[in-house]
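Novice: First the structure, then my questions, so here it is.
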Amino acid sequence: MNEALYYEKEDRGRVHCFLCPVHCHIMDGRIGACRARKNIGGVLYTLNYGKISALSMDPMEKKPLYHFYPGSSILSISSFGCNLKCSFCQNWELSQDIPIMQEVTVSDTIKIAKKNDRNIGIAYTYNEPMIWYEFVLDTAKKAKEEGLMNVLVTNGYIEEEPLLELLPYIDAMNIDLKGQSEFYKKICKGKLDSVKKTIEISYRSTHIEITNLIIPDLNDNLKDIGEMARWLSSISQDIPLHLSRYFPQYKMDKPETPIEMMLFARETAEKYLNYVYIGNVYGTDNNTYCPECHNIIVERGYRTKVKGIKDGTCARCGYKINIIF
């Protein structure tokens, strides 16, 4: 165990953790809401430092990141724990349970990442990397020194100060934007405003893409989806949005999202954003097209092919494309 960052000691042996907006006040011997930080004798320790629950080599598109080194591979690692309580969690075995894990050091992780010549870096993913903060920060710093990329796949539920400390080492992020304010409050036990703040801050520092998991009768209102897309466009129309199809998981047994709903949602979001994709629907056209002339830029099928780009612009009309190659 390592001593945690971003906490302060209080009276009677309590500690106040302010890594994320939950702001747990933790009594001696108790753990925080994320289940990954524990007060031991008035000192807050991380329970997941150096503990890895999953490790795999993934295509970048699986993160999903479609506009960041398309067609490349990245080492994905995770630990356990999460600071939200989404009843539909698609990775609940890692975020809400205690999985089987192995212990590694920062150096071990870097060595694993550099073993594969096709790998461009490390993705911190599957569970919530923000509450794996200390290990992610230490590993990301070392990865940068070794010429590796760092990617976060996150719910964005973190306070500004720790986020700003981490961002200089992060090359790309996929951030969940799960729904409107009431959805966060009732279903996720969190606050929308904190996530929106993370998106705004992160956009100024690194490449970001957004994922929205659409769940029937909970966050599939087209007006709300349009409002979400409109808000993202106020930051930039070029932010890629991934609309993901829900399937029953964890504590939620609603039937899967109808494909027609996914298509309507994409049509709605495309009124505001230049790049909208659909996940978890076989056969959907997820190619990237030039927003100006509709020339195909990246073709995604059995393999990802970059084909319509020249010096960062559309090879046909010269429109600047928001993709990092």
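Chain labels follow the order of the structure tokens: the first chain is A, the next B, and so on; residue numbering restarts at 1 in every chain, and ligands are counted from 1 in their shown order.
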List the spatial neighbours of Tyr7 of chain A as number ranges by chain - criterion: any atom at most 12 Å away, only C-alpha atoms, same-chain residues fewer than 4 positions off excluded.
Specialist: A: 3, 14-20, 23-26, 32, 37-39, 42-46, 159, 161-162
Novice: Need the shell around segment 141-144 of chain A: protein/DNA/RNA residues with any atom at most 8 Å away, counting only C-alpha atoms. Skip same-chain ones fewer than 4 positions apart. Format as JSON, numbers by chain?
Specialist: {"A": [106, 110, 121, 122, 137, 148, 149, 150, 169]}
Novice: For segment 261-274 of chain A, work out the shell of residues within 6 Å, counting only C-alpha atoms and skipping chain neighbours fewer than 6 positions away, then give it as an MDAnalysis selection string.
Specialist: chainID A and resid 226 229:230 233 237:238 291
Novice: Just to be explicit: take each residue in the selection above, keep C-alpha atoms, and write the result as an mmCIF file, in the first residue's frame.
Specialist:
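Result saved to selection_29.cif:
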```cif
data_model
loop_
_atom_site.group_PDB
_atom_site.id
_atom_site.type_symbol
_atom_site.label_atom_id
_atom_site.label_comp_id
_atom_site.auth_asym_id
_atom_site.auth_seq_id
_atom_site.Cartn_x
_atom_site.Cartn_y
_atom_site.Cartn_z
ATOM 1 C CA GLY A 226 -29.449 16.809 -28.855
ATOM 2 C CA ALA A 229 -24.371 17.184 -28.513
ATOM 3 C CA ARG A 230 -25.110 20.917 -28.645
ATOM 4 C CA SER A 233 -20.276 21.519 -29.956
ATOM 5 C CA GLN A 237 -17.832 20.610 -33.250
ATOM 6 C CA ASP A 238 -14.879 18.325 -33.944
ATOM 7 C CA PRO A 291 -17.305 17.040 -42.757
#
```
Novice: Quick one: everything within 8 Å of Leu213 of chain A, counting only C-alpha atoms, minus sequence neighbours fewer than 5 positions away in the same chain. Send it as a PyMOL selection string.
Specialist: chain A and resi 178+243-246
Novice: Would you save the residues from that selection as a PDB file, in the first residue's frame, using C-alpha atoms?
Specialist:
```pdb
ATOM      1  CA  LYS A 178     -23.707   9.416 -19.314  1.00  0.00           C
ATOM      2  CA  LEU A 243     -23.013   6.465 -28.988  1.00  0.00           C
ATOM      3  CA  SER A 244     -22.865   3.010 -27.446  1.00  0.00           C
ATOM      4  CA  ARG A 245     -25.684   0.443 -27.378  1.00  0.00           C
ATOM      5  CA  TYR A 246     -26.669  -0.782 -23.921  1.00  0.00           C
TER       6      TYR A 246
END
```
Novice: If we count only C-alpha atoms and set the cut-off at 12 Å, which residues sit around segment 85-99 of chain A, ignoring sequence neighbours fewer than 3 positions away in its own chain? Please answer as an MDAnalysis selection string.
Specialist: chainID A and resid 22 33:36 47:48 51:54 77:82 102 125:132 154:155 157 176 178:179 183:191 213:216 218 244:256
Novice: Nearest residue to Phe325 of chain A out of A:Leu232, A:Ile40, A:His207, A:Leu75, using only C-alpha atoms?
Specialist: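 Counting only C-alpha atoms, the residue closest to Phe325 of chain A is A:His207.
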Novice: Grab the atom CA of Ile296 of chain A to atom CA of Ile210 of chain A distance for me, in Å with one decimal place.
Specialist: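 Here the two named atoms are 21.5 Å from each other.
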Novice: Using DSSP on the backbone coordinates, identify the residues of segment 148-223 of chain A assigned to strand (DSSP E); present them as an NGL selection string.
Specialist: :A and (149-154 or 172-176 or 207-214)
